[in-house]
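Student: Enclosed is the structure file model-v7.txt (compact mmCIF, C-alpha atoms and all ligand atoms).
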```
# COMPACT_ATOMS: atom_id res chain seq x y z
CA MET A 351 -26.19 -8.73 -26.10
CA THR A 352 -25.16 -11.95 -24.42
CA HIS A 353 -21.85 -11.74 -22.65
CA GLN A 354 -19.56 -14.69 -23.07
CA LEU A 355 -17.29 -15.64 -20.22
CA ASP A 356 -14.16 -14.93 -22.17
CA GLU A 357 -10.93 -12.99 -21.86
CA TYR A 358 -12.42 -9.79 -23.24
CA MET A 359 -15.10 -9.84 -20.61
CA GLU A 360 -12.55 -10.53 -17.89
CA ALA A 361 -10.55 -7.51 -19.04
CA GLU A 362 -13.74 -5.42 -19.18
CA ILE A 363 -14.63 -6.44 -15.61
CA GLN A 364 -11.15 -5.66 -14.28
CA ARG A 365 -11.26 -2.21 -15.82
CA LEU A 366 -14.77 -1.59 -14.50
CA LEU A 367 -13.68 -2.53 -10.98
CA THR A 368 -10.68 -0.21 -11.12
CA GLU A 369 -12.02 2.74 -13.09
CA HIS A 370 -15.63 2.92 -11.84
CA GLY A 371 -15.74 5.69 -9.26
CA ALA A 372 -17.98 3.69 -6.94
CA VAL A 373 -15.53 0.79 -6.81
CA ALA A 374 -11.88 1.81 -7.46
CA GLU A 375 -10.46 -1.58 -6.53
CA GLN A 376 -7.35 -3.02 -8.14
CA GLY A 377 -7.13 -6.10 -5.99
CA ILE A 378 -10.20 -8.07 -7.06
CA THR A 379 -9.59 -11.37 -8.79
CA VAL A 380 -11.96 -12.60 -11.49
CA GLN A 381 -12.13 -16.29 -12.33
CA CYS A 382 -14.34 -17.61 -15.10
CA ARG A 383 -15.84 -21.02 -14.41
CA GLU A 384 -17.99 -22.74 -16.99
CA ASN A 385 -21.05 -20.63 -16.34
CA LEU A 386 -20.04 -18.78 -13.27
CA LEU A 387 -17.94 -15.76 -12.53
CA VAL A 388 -16.09 -16.01 -9.21
CA LEU A 389 -14.96 -12.75 -7.62
CA GLY A 390 -12.18 -12.90 -5.01
CA GLY A 391 -9.86 -10.69 -3.00
CA GLU A 392 -10.38 -8.49 0.02
CA VAL A 393 -11.75 -4.98 0.48
CA GLU A 394 -12.00 -2.56 3.40
CA SER A 395 -15.76 -2.68 4.05
CA ALA A 396 -18.92 -4.71 3.49
CA GLU A 397 -20.37 -1.74 1.56
CA ARG A 398 -17.53 -2.00 -0.96
CA ARG A 399 -18.01 -5.73 -1.41
CA ASP A 400 -21.74 -5.27 -1.96
CA GLU A 401 -21.18 -2.42 -4.42
CA ILE A 402 -18.80 -4.58 -6.48
CA CYS A 403 -21.40 -7.33 -6.73
CA ARG A 404 -24.08 -4.75 -7.60
CA GLN A 405 -21.95 -3.27 -10.39
CA ILE A 406 -21.04 -6.61 -11.90
CA THR A 407 -24.62 -7.85 -11.78
CA ALA A 408 -25.93 -4.59 -13.30
CA ASN A 409 -23.34 -4.52 -16.09
CA PHE A 410 -23.41 -8.22 -16.89
CA PRO A 411 -27.04 -9.22 -16.15
CA ASP A 412 -26.86 -12.61 -17.86
CA VAL A 413 -23.80 -13.81 -15.98
CA GLN A 414 -24.08 -15.77 -12.77
CA VAL A 415 -21.82 -14.26 -10.14
CA ALA A 416 -20.36 -15.82 -7.00
CA CYS A 417 -18.92 -13.21 -4.66
CA ASP A 418 -16.12 -14.62 -2.49
CA ILE A 419 -14.73 -11.18 -1.63
CA GLY A 420 -13.75 -10.83 2.01
CA ILE A 421 -13.36 -7.87 4.36
CA VAL A 422 -9.79 -7.37 5.60
CA ARG A 423 -9.57 -7.90 9.34
CA ALA A 424 -8.36 -4.87 11.31
CA ALA A 425 -7.50 -6.30 14.73
CA ALA A 426 -4.48 -5.21 16.77
CA PRO A 427 -1.41 -7.44 16.41
CA THR A 428 -0.23 -9.80 19.13
CA GLU A 429 3.32 -10.22 17.84
CA VAL A 430 6.38 -8.10 17.11
CA GLU A 431 8.98 -8.99 14.50
CA GLU A 432 12.59 -8.30 15.32
CA ILE A 433 14.48 -6.91 12.33
CA SER A 434 18.16 -7.73 12.06
CA MET B 98 15.03 -0.44 21.05
CA ILE B 99 12.57 1.22 18.69
CA ARG B 100 9.25 -0.31 17.72
CA ILE B 101 7.59 0.78 14.51
CA ALA B 102 4.02 -0.01 13.60
CA ALA B 103 3.33 -0.12 9.88
CA VAL B 104 0.47 -0.65 7.46
CA GLY B 105 -0.34 0.38 3.91
CA ASP B 106 -3.32 0.47 1.59
CA VAL B 107 -5.92 1.42 4.15
CA HIS B 108 -7.98 3.09 1.38
CA VAL B 109 -10.01 5.14 3.85
CA ASP B 110 -13.41 6.62 3.02
CA LYS B 111 -16.52 7.21 5.15
CA ASP B 112 -17.30 3.49 5.23
CA VAL B 113 -13.98 2.71 6.95
CA LEU B 114 -14.34 5.24 9.80
CA GLY B 115 -13.95 3.50 13.14
CA ARG B 116 -12.64 0.20 11.75
CA TYR B 117 -8.99 0.85 12.66
CA ARG B 118 -9.62 2.96 15.70
CA PRO B 119 -9.85 0.23 18.37
CA ALA B 120 -6.48 -1.20 17.30
CA LEU B 121 -4.98 2.29 16.97
CA GLU B 122 -5.96 3.13 20.55
CA GLN B 123 -3.68 0.25 21.65
CA LEU B 124 -0.83 1.30 19.36
CA PRO B 125 1.05 3.60 21.77
CA ASP B 126 1.41 0.63 24.16
CA VAL B 127 3.23 -1.48 21.56
CA ALA B 128 4.99 0.93 19.18
CA ASP B 129 6.82 4.28 19.19
CA ALA B 130 5.67 5.46 15.75
CA LEU B 131 3.28 4.53 12.95
CA LEU B 132 4.39 4.46 9.31
CA ILE B 133 1.78 4.21 6.55
CA ALA B 134 2.85 3.05 3.10
CA GLY B 135 0.43 4.89 0.80
CA ASP B 136 -3.04 4.36 -0.68
CA LEU B 137 -4.39 6.21 2.31
CA THR B 138 -7.64 7.00 0.49
CA ARG B 139 -9.84 5.45 -2.21
CA HIS B 140 -9.79 8.25 -4.82
CA GLY B 141 -7.54 10.92 -3.31
CA THR B 142 -10.29 13.42 -2.58
CA VAL B 143 -10.19 16.04 0.17
CA GLU B 144 -13.22 14.43 1.86
CA GLU B 145 -11.47 11.07 1.98
CA ALA B 146 -8.30 12.71 3.29
CA GLN B 147 -10.42 14.19 6.09
CA CYS B 148 -11.67 10.69 6.90
CA MET B 149 -8.06 9.46 6.89
CA ALA B 150 -7.06 12.32 9.21
CA GLN B 151 -9.94 11.47 11.53
CA GLU B 152 -9.18 7.74 11.62
CA PHE B 153 -5.37 7.99 11.93
CA GLY B 154 -4.98 11.43 13.55
CA GLY B 155 -4.71 12.35 17.21
CA LEU B 156 -2.64 9.31 18.22
CA ASP B 157 -0.08 9.54 21.01
CA VAL B 158 2.74 8.55 18.63
CA PRO B 159 4.12 10.27 15.51
CA VAL B 160 2.52 9.16 12.23
CA VAL B 161 4.61 9.29 9.03
CA VAL B 162 3.03 8.56 5.65
CA VAL B 163 3.66 8.56 1.92
CA LEU B 164 0.91 8.83 -0.67
CA GLY B 165 -0.01 6.02 -3.04
CA ASN B 166 -1.43 5.89 -6.56
CA HIS B 167 -5.00 6.00 -5.24
CA ASP B 168 -4.18 9.26 -3.48
CA HIS B 169 -3.34 10.74 -6.90
CA GLN B 170 -6.57 9.62 -8.61
CA SER B 171 -8.35 13.00 -8.26
CA ASP B 172 -5.28 15.16 -9.01
CA GLN B 173 -5.71 16.65 -5.54
CA GLN B 174 -2.56 15.23 -3.94
CA ALA B 175 -1.47 18.70 -2.78
CA GLU B 176 -4.80 19.29 -1.02
CA VAL B 177 -4.79 15.77 0.40
CA THR B 178 -1.28 16.39 1.76
CA ASP B 179 -2.42 19.67 3.36
CA VAL B 180 -5.35 17.98 5.13
CA LEU B 181 -3.09 15.24 6.50
CA ARG B 182 -0.43 17.71 7.64
CA GLU B 183 -3.04 19.84 9.40
CA ALA B 184 -4.05 16.72 11.31
CA GLY B 185 -0.46 16.31 12.50
CA LEU B 186 0.66 13.56 10.12
CA THR B 187 4.09 13.85 8.48
CA VAL B 188 3.76 13.38 4.71
CA LEU B 189 6.97 12.49 2.90
CA GLU B 190 7.59 12.76 -0.84
CA GLY B 191 11.25 12.44 -1.68
CA ASP B 192 12.34 13.76 1.69
CA GLY B 193 12.88 12.54 5.22
CA VAL B 194 12.30 13.14 8.89
CA VAL B 195 14.21 12.22 12.03
CA LEU B 196 12.17 11.31 15.11
CA GLU B 197 13.51 10.99 18.61
CA LEU B 198 11.94 7.86 20.04
CA ASN B 199 12.81 6.11 23.22
CA GLY B 200 16.20 7.84 23.36
CA HIS B 201 17.09 6.80 19.78
CA LEU B 202 16.95 8.68 16.51
CA LEU B 203 14.75 7.06 13.86
CA GLY B 204 15.26 8.39 10.35
CA VAL B 205 12.47 7.82 7.84
CA ALA B 206 12.91 8.71 4.17
CA GLY B 207 9.81 8.32 2.05
CA ALA B 208 8.50 8.56 -1.48
CA LYS B 209 5.53 7.15 -3.34
CA GLY B 210 7.79 5.48 -5.88
CA PHE B 211 6.53 4.27 -9.27
CA GLY B 212 6.72 1.31 -11.63
CA GLY B 213 9.12 0.04 -14.25
CA GLY B 214 9.89 -3.50 -13.21
CA PHE B 215 12.89 -5.46 -12.07
CA ALA B 216 16.16 -6.78 -13.44
CA GLY B 217 15.62 -8.93 -16.50
CA ALA B 218 12.12 -7.56 -17.15
CA CYS B 219 12.13 -3.81 -16.79
CA ALA B 220 11.20 -0.83 -18.87
CA SER B 221 13.89 1.34 -20.49
CA LYS B 222 14.07 5.02 -21.25
CA PHE B 223 13.83 4.52 -24.99
CA GLY B 224 11.43 5.14 -27.85
CA GLU B 225 8.20 7.03 -27.41
CA ARG B 226 8.05 10.12 -25.23
CA GLU B 227 5.43 8.39 -23.02
CA MET B 228 7.82 5.51 -22.35
CA LYS B 229 10.71 7.83 -21.55
CA ASP B 230 8.42 9.83 -19.25
CA PHE B 231 7.33 6.65 -17.46
CA VAL B 232 10.85 5.49 -16.70
CA GLY B 233 12.05 9.05 -16.10
CA THR B 234 9.36 9.51 -13.43
CA THR B 235 10.61 6.48 -11.51
CA GLU B 236 14.23 7.58 -11.91
CA ALA B 237 13.53 11.04 -10.51
CA ILE B 238 11.60 9.65 -7.54
CA ALA B 239 14.27 7.03 -6.81
CA ASP B 240 17.01 9.68 -7.00
CA ARG B 241 15.22 11.83 -4.44
CA LEU B 242 14.59 8.83 -2.19
CA GLY B 243 18.28 7.91 -2.31
CA ASP B 244 19.34 11.49 -1.57
CA ALA B 245 16.92 11.65 1.38
CA LEU B 246 18.10 8.31 2.78
CA ARG B 247 21.77 9.29 2.56
CA SER B 248 21.14 12.69 4.16
CA LEU B 249 19.56 11.50 7.42
CA GLU B 250 21.66 11.35 10.58
CA CYS B 251 20.09 8.75 12.83
CA ASP B 252 20.52 5.49 14.73
CA ALA B 253 18.11 3.51 12.57
CA LEU B 254 17.12 4.30 8.99
CA VAL B 255 13.82 3.22 7.42
CA ALA B 256 12.70 3.63 3.80
CA LEU B 257 8.96 4.07 3.26
CA THR B 258 7.45 3.73 -0.22
CA HIS B 259 4.16 2.74 -1.77
CA TYR B 260 5.60 0.89 -4.78
CA ALA B 261 7.81 -2.15 -4.21
CA PRO B 262 11.62 -2.02 -4.33
CA VAL B 263 12.05 -5.78 -4.88
CA PRO B 264 10.10 -8.54 -6.66
CA GLU B 265 10.12 -11.01 -3.74
CA THR B 266 7.35 -9.19 -1.90
CA LEU B 267 5.21 -9.30 -5.06
CA VAL B 268 5.00 -13.08 -5.12
CA GLY B 269 1.29 -13.88 -5.37
CA GLU B 270 0.63 -11.14 -7.90
CA PRO B 271 0.48 -12.00 -11.61
CA LEU B 272 4.03 -11.85 -13.01
CA GLU B 273 2.70 -9.80 -15.93
CA ILE B 274 1.92 -6.80 -13.74
CA TYR B 275 5.20 -6.64 -11.78
CA PRO B 276 6.35 -3.61 -13.85
CA PHE B 277 3.29 -1.72 -12.55
CA LEU B 278 3.97 -2.68 -8.96
CA GLY B 279 7.49 -1.46 -8.42
CA SER B 280 10.99 -0.83 -9.67
CA TYR B 281 14.50 -2.02 -8.98
CA LEU B 282 15.50 1.66 -8.99
CA LEU B 283 13.82 2.02 -5.59
CA GLY B 284 15.83 -0.96 -4.31
CA GLN B 285 19.00 0.60 -5.63
CA ALA B 286 18.21 3.86 -3.79
CA ILE B 287 17.54 1.91 -0.58
CA ASP B 288 20.84 0.06 -0.98
CA SER B 289 22.74 3.32 -1.46
CA ALA B 290 22.32 4.13 2.26
CA PRO B 291 22.67 2.14 5.51
CA THR B 292 18.93 1.34 5.48
CA ALA B 293 17.78 -0.99 8.27
CA LEU B 294 14.29 -1.70 6.92
CA ALA B 295 12.27 -0.94 3.78
CA LEU B 296 8.48 -0.83 4.00
CA HIS B 297 6.08 -0.70 1.06
CA GLY B 298 2.50 -1.46 0.10
CA HIS B 299 0.56 -1.46 -3.21
CA ALA B 300 0.80 -5.21 -3.89
CA HIS B 301 -2.43 -6.39 -2.23
CA HIS B 302 -1.82 -9.99 -3.30
CA GLY B 303 1.91 -9.99 -2.69
CA SER B 304 3.98 -11.54 0.10
CA GLU B 305 5.26 -10.15 3.34
CA ARG B 306 9.02 -10.59 3.29
CA GLY B 307 11.94 -9.98 0.96
CA ARG B 308 15.41 -8.50 0.85
CA THR B 309 17.09 -6.07 -1.50
CA PRO B 310 20.15 -7.23 -3.48
CA GLY B 311 22.18 -5.27 -0.89
CA GLY B 312 20.62 -7.25 1.97
CA VAL B 313 18.11 -4.74 3.38
CA PRO B 314 15.01 -6.45 4.84
CA VAL B 315 11.86 -5.50 2.90
CA ARG B 316 8.32 -5.83 4.25
CA ASN B 317 5.13 -5.50 2.22
CA VAL B 318 2.70 -4.06 4.76
CA ALA B 319 -0.32 -3.72 2.44
CA HIS B 320 -3.34 -4.27 4.66
CA PRO B 321 -4.68 -7.27 2.69
CA VAL B 322 -1.23 -8.88 3.03
CA ILE B 323 -0.74 -8.40 6.78
CA LYS B 324 -4.46 -8.96 7.56
CA GLN B 325 -4.43 -6.92 10.74
CA ALA B 326 -4.55 -3.21 11.58
CA TYR B 327 -0.74 -2.89 11.56
CA ASN B 328 2.41 -4.92 11.99
CA VAL B 329 5.05 -4.08 14.60
CA TYR B 330 8.78 -4.22 13.83
CA GLN B 331 11.52 -3.92 16.41
CA LEU B 332 14.80 -2.20 15.54
CA LEU B 333 17.93 -1.65 17.65
CA SER B 334 16.96 -4.50 19.94
CA GLU B 335 18.79 -4.76 23.23
CA ASP B 336 16.20 -6.60 25.27
CA ALA B 337 12.81 -8.18 25.02
CA GLY B 338 10.11 -5.54 25.34
CA ALA B 339 6.78 -6.01 27.01
CA GLY B 340 3.38 -6.14 25.43
CA LEU B 341 3.80 -8.33 22.36
CA VAL B 342 5.09 -11.83 21.70
CA ARG B 343 8.37 -11.87 19.81
CA VAL B 344 8.53 -13.85 16.58
FE FE C 1 -3.73 -0.20 -2.58
FE FE C 2 -1.56 1.23 -4.79
```
Represent the supplied structure as structure tokens.
Tutor:
Amino acid sequence: MTHQLDEYMEAEIQRLLTEHGAVAEQGITVQCRENLLVLGGEVESAERRDEICRQITANFPDVQVACDIGIVRAAAPTEVEEIS
Amino acid sequence: MIRIAAVGDVHVDKDVLGRYRPALEQLPDVADALLIAGDLTRHGTVEEAQCMAQEFGGLDVPVVVVLGNHDHQSDQQAEVTDVLREAGLTVLEGDGVVLELNGHLLGVAGAKGFGGGFAGACASKFGEREMKDFVGTTEAIADRLGDALRSLECDALVALTHYAPVPETLVGEPLEIYPFLGSYLLGQAIDSAPTALALHGHAHHGSERGRTPGGVPVRNVAHPVIKQAYNVYQLLSEDAGAGLVRV
């Protein structure tokens, strides 16, 4: 079956990313370009980013995927905010 | 002066071990306590809770947390809570704690919270049982949060939730999912007490700052929003402290 880059597929991808045990991400954005699926957002590790791309590619083999997912930085802060 | 470090949505599992630790080692130099706004784990398993305990345990400052929706995914929230408590973390769910820090009393009331939406676009307790249960769940949690906030005797009062109490800190998320990200009932509970600061997470694409209708500052500390290991907030300021640049 050929997957069309349509709203149903976008919904299917969002549910896969959230409900698949190996992913469990709710913060991934999915944008459909003409013939390209662009994944965005940030996750906690490179393993998670790679797993997301692996799952999407495995489940939608005929779709070209661009993975723009980043890893959230975890450096110590340099500033304090005064609350008043 | 009290300095509170805060972060949410750390979603810890084996692959995250060690990522926060270098910044956490510096935390006692810049803050008196660490508050974590839920989604501590990926799927809420005991193994992930052990990773969370390892990564965020054994610090020289008190650590107070609430659970998030991810921590409920495996229906093991009680076991997850036990693991975190054994590691010395304080886990709040509709209750509070008072910490003596730096000669001041910091009160923290916490609850996971739940959805329902905000004024003008919120769910009502009407119709199907499932709908009434949904709104009823948020109401019960918000009631307990309000009770806990009003019961604490302290110099500075902080509300800690996973779900958002106001829509301002959701800006950046699709408007359509606001009802799944928070509820005005949490804001109302926060406004029912002399709350100095409300911290939440959950909205990974949201914004950092907002205020409740009653004027309480709200900060979304979800890790993807703050983009660092934790933020530091200063309460009861009387002087400029050392260590960090004031903004
Ligand atoms: Fe989260
Ligand atoms: Fe969440």
Student: When you count all atoms listed in the file, which of these residues is closest to chain B: A:Ala372, A:Met359, A:Ile406, A:Cys382?
Tutor: A:Ala372
Student: Near B:Ala134, counting all atoms listed in the file, which residues have an atom at most 8 Å away, once you skip same-chain residues fewer than 3 positions from it, shown as a list in words?
Tutor: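 Those residues are Ala103, Val104, Gly105, Asp106, Leu137, Val162, Val163, Leu164, Gly165, Leu257, Thr258, His259, Leu296, His297, Gly298, Val318 and Ala319 of chain B.
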Student: Give as a ChimeraX atom specification every residue of chain A that touches chain B within 6 Å, counting only C-alpha atoms.
Tutor: /A:422-426,428-433
Student: Measure the distance from atom CA of B:Gly191 to atom CA of B:Leu283 in Å and round it to one decimal.
Tutor: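 Atom CA of B:Leu283 lies at a distance of 11.4 Å from atom CA of B:Gly191.
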Student: Between atom CA of B:Ala245 and atom CA of B:Asp192, measure the distance and give it in Å to one decimal.
Tutor: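 According to the coordinates, atom CA of B:Ala245 and atom CA of B:Asp192 are separated by 5.1 Å.
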Student: When you draw a straight line from atom CA of B:Ala261 to atom CA of B:Met98, how long is it in Å?
Tutor: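 Going from atom CA of B:Ala261 over to atom CA of B:Met98, I get 26.3 Å.
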Student: Using only C-alpha atoms, which protein or nucleic acid residues come within 12 Å of B:Ser248? Drop anything in the same chain fewer than 2 positions from it, and give the result as a list of chain:residue names.
Tutor: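 Once the nearby chain positions are removed, what remains is B:Gly191, B:Asp192, B:Gly193, B:Val194, B:Val195, B:Gly204, B:Val205, B:Ala206, B:Arg241, B:Leu242, B:Gly243, B:Asp244, B:Ala245, B:Leu246, B:Glu250, B:Cys251, B:Leu254, B:Ser289, B:Ala290, B:Pro291, B:Thr292.
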Student: In terms of the shortest atom-to-atom distance over all atoms listed in the file, which of A:Ile402, A:Ala374, A:Ile421, A:Leu387 is closest to ligand FE 1 (chain C)?
Tutor: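 Among the listed residues, the smallest separation from ligand FE 1 (chain C) belongs to A:Ala374.
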Student: What would the list of residues within 9 Å of (-10.4, -14.2, -14.1) (file frame) look like as a list in words, if all atoms listed in the file are what count?
Tutor: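 Those residues lying close to the given coordinates are Asp356, Glu357, Glu360, Ala361, Ile363, Gln364, Thr379, Val380, Gln381, Cys382, Arg383, Leu387, Val388 and Leu389 of chain A.
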Student: For the residues in that selection, give me C-alpha atoms as a short mmCIF file (atom, residue, chain, number, x, y, z; two decimals), in the frame of the given file.
Tutor:
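selection_4.cif, freshly written:
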```cif
data_model
loop_
_atom_site.label_atom_id
_atom_site.label_comp_id
_atom_site.auth_asym_id
_atom_site.auth_seq_id
_atom_site.Cartn_x
_atom_site.Cartn_y
_atom_site.Cartn_z
CA ASP A 356 -14.16 -14.93 -22.17
CA GLU A 357 -10.93 -12.99 -21.86
CA GLU A 360 -12.55 -10.53 -17.89
CA ALA A 361 -10.55 -7.51 -19.04
CA ILE A 363 -14.63 -6.44 -15.61
CA GLN A 364 -11.15 -5.66 -14.28
CA THR A 379 -9.59 -11.37 -8.79
CA VAL A 380 -11.96 -12.60 -11.49
CA GLN A 381 -12.13 -16.29 -12.33
CA CYS A 382 -14.34 -17.61 -15.10
CA ARG A 383 -15.84 -21.02 -14.41
CA LEU A 387 -17.94 -15.76 -12.53
CA VAL A 388 -16.09 -16.01 -9.21
CA LEU A 389 -14.96 -12.75 -7.62
#
```
Student: Between A:Val415, A:Ala408, A:Leu366, A:Val373, which has the minimum distance to A:Gly390 (counting all atoms listed in the file)?
Tutor: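 Checking each candidate against A:Gly390, we get A:Val415 as the closest.
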Student: With the cut-off set at 12 Å and counting all atoms listed in the file, tabulate each residue of chain A with an atom at most that distance from an atom of ligand FE 2 (chain C), showing the nearest atom pair and its distance in Å to one decimal, ordered by chain and increasing number, as JSON lines.
Tutor:
```
{"residue": "A:Thr368", "atom": "CA", "partner": "C:FE2", "partner_atom": "FE", "distance": 11.2}
{"residue": "A:Ala374", "atom": "CA", "partner": "C:FE2", "partner_atom": "FE", "distance": 10.7}
{"residue": "A:Glu375", "atom": "CA", "partner": "C:FE2", "partner_atom": "FE", "distance": 9.5}
{"residue": "A:Gln376", "atom": "CA", "partner": "C:FE2", "partner_atom": "FE", "distance": 7.9}
{"residue": "A:Gly377", "atom": "CA", "partner": "C:FE2", "partner_atom": "FE", "distance": 9.3}
```
Student: Would you list the residues near (-19.6, -2.7, -0.8) (no more than 10 Å away, in the coordinates of the file, using only C-alpha atoms) as a ChimeraX atom specification?
Tutor: /A:372-373,393-405,419,421 /B:112
Student: Between A:Glu392, A:Tyr358, A:Gly420, A:Arg365, which one has atoms that come closest to ligand FE 1 (chain C), using all atoms listed in the file?
Tutor: A:Glu392
Student: Measuring between only C-alpha atoms and all ligand atoms, which one of B:Gln285, B:Asn166, B:Thr234, B:Asn199 shows the shortest distance to ligand FE 1 (chain C)?
Tutor: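 Nearest candidate to ligand FE 1 (chain C) out of B:Gln285, B:Asn166, B:Thr234, B:Asn199: B:Asn166.
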Student: Rank nothing, just name the residue among B:Pro125, B:Gly154, B:Gly135, B:Gly303 nearest to ligand FE 1 (chain C), using only C-alpha atoms and all ligand atoms.
Tutor: B:Gly135
Student: Considering all atoms listed in the file, return as JSON, numbers by chain whatever protein or nucleic-acid residues lie within 12 Å of B:Phe223, sequence-local ones (same chain, fewer than 6 positions apart) excluded.
Tutor: {"B": [229, 230, 231, 232, 233]}
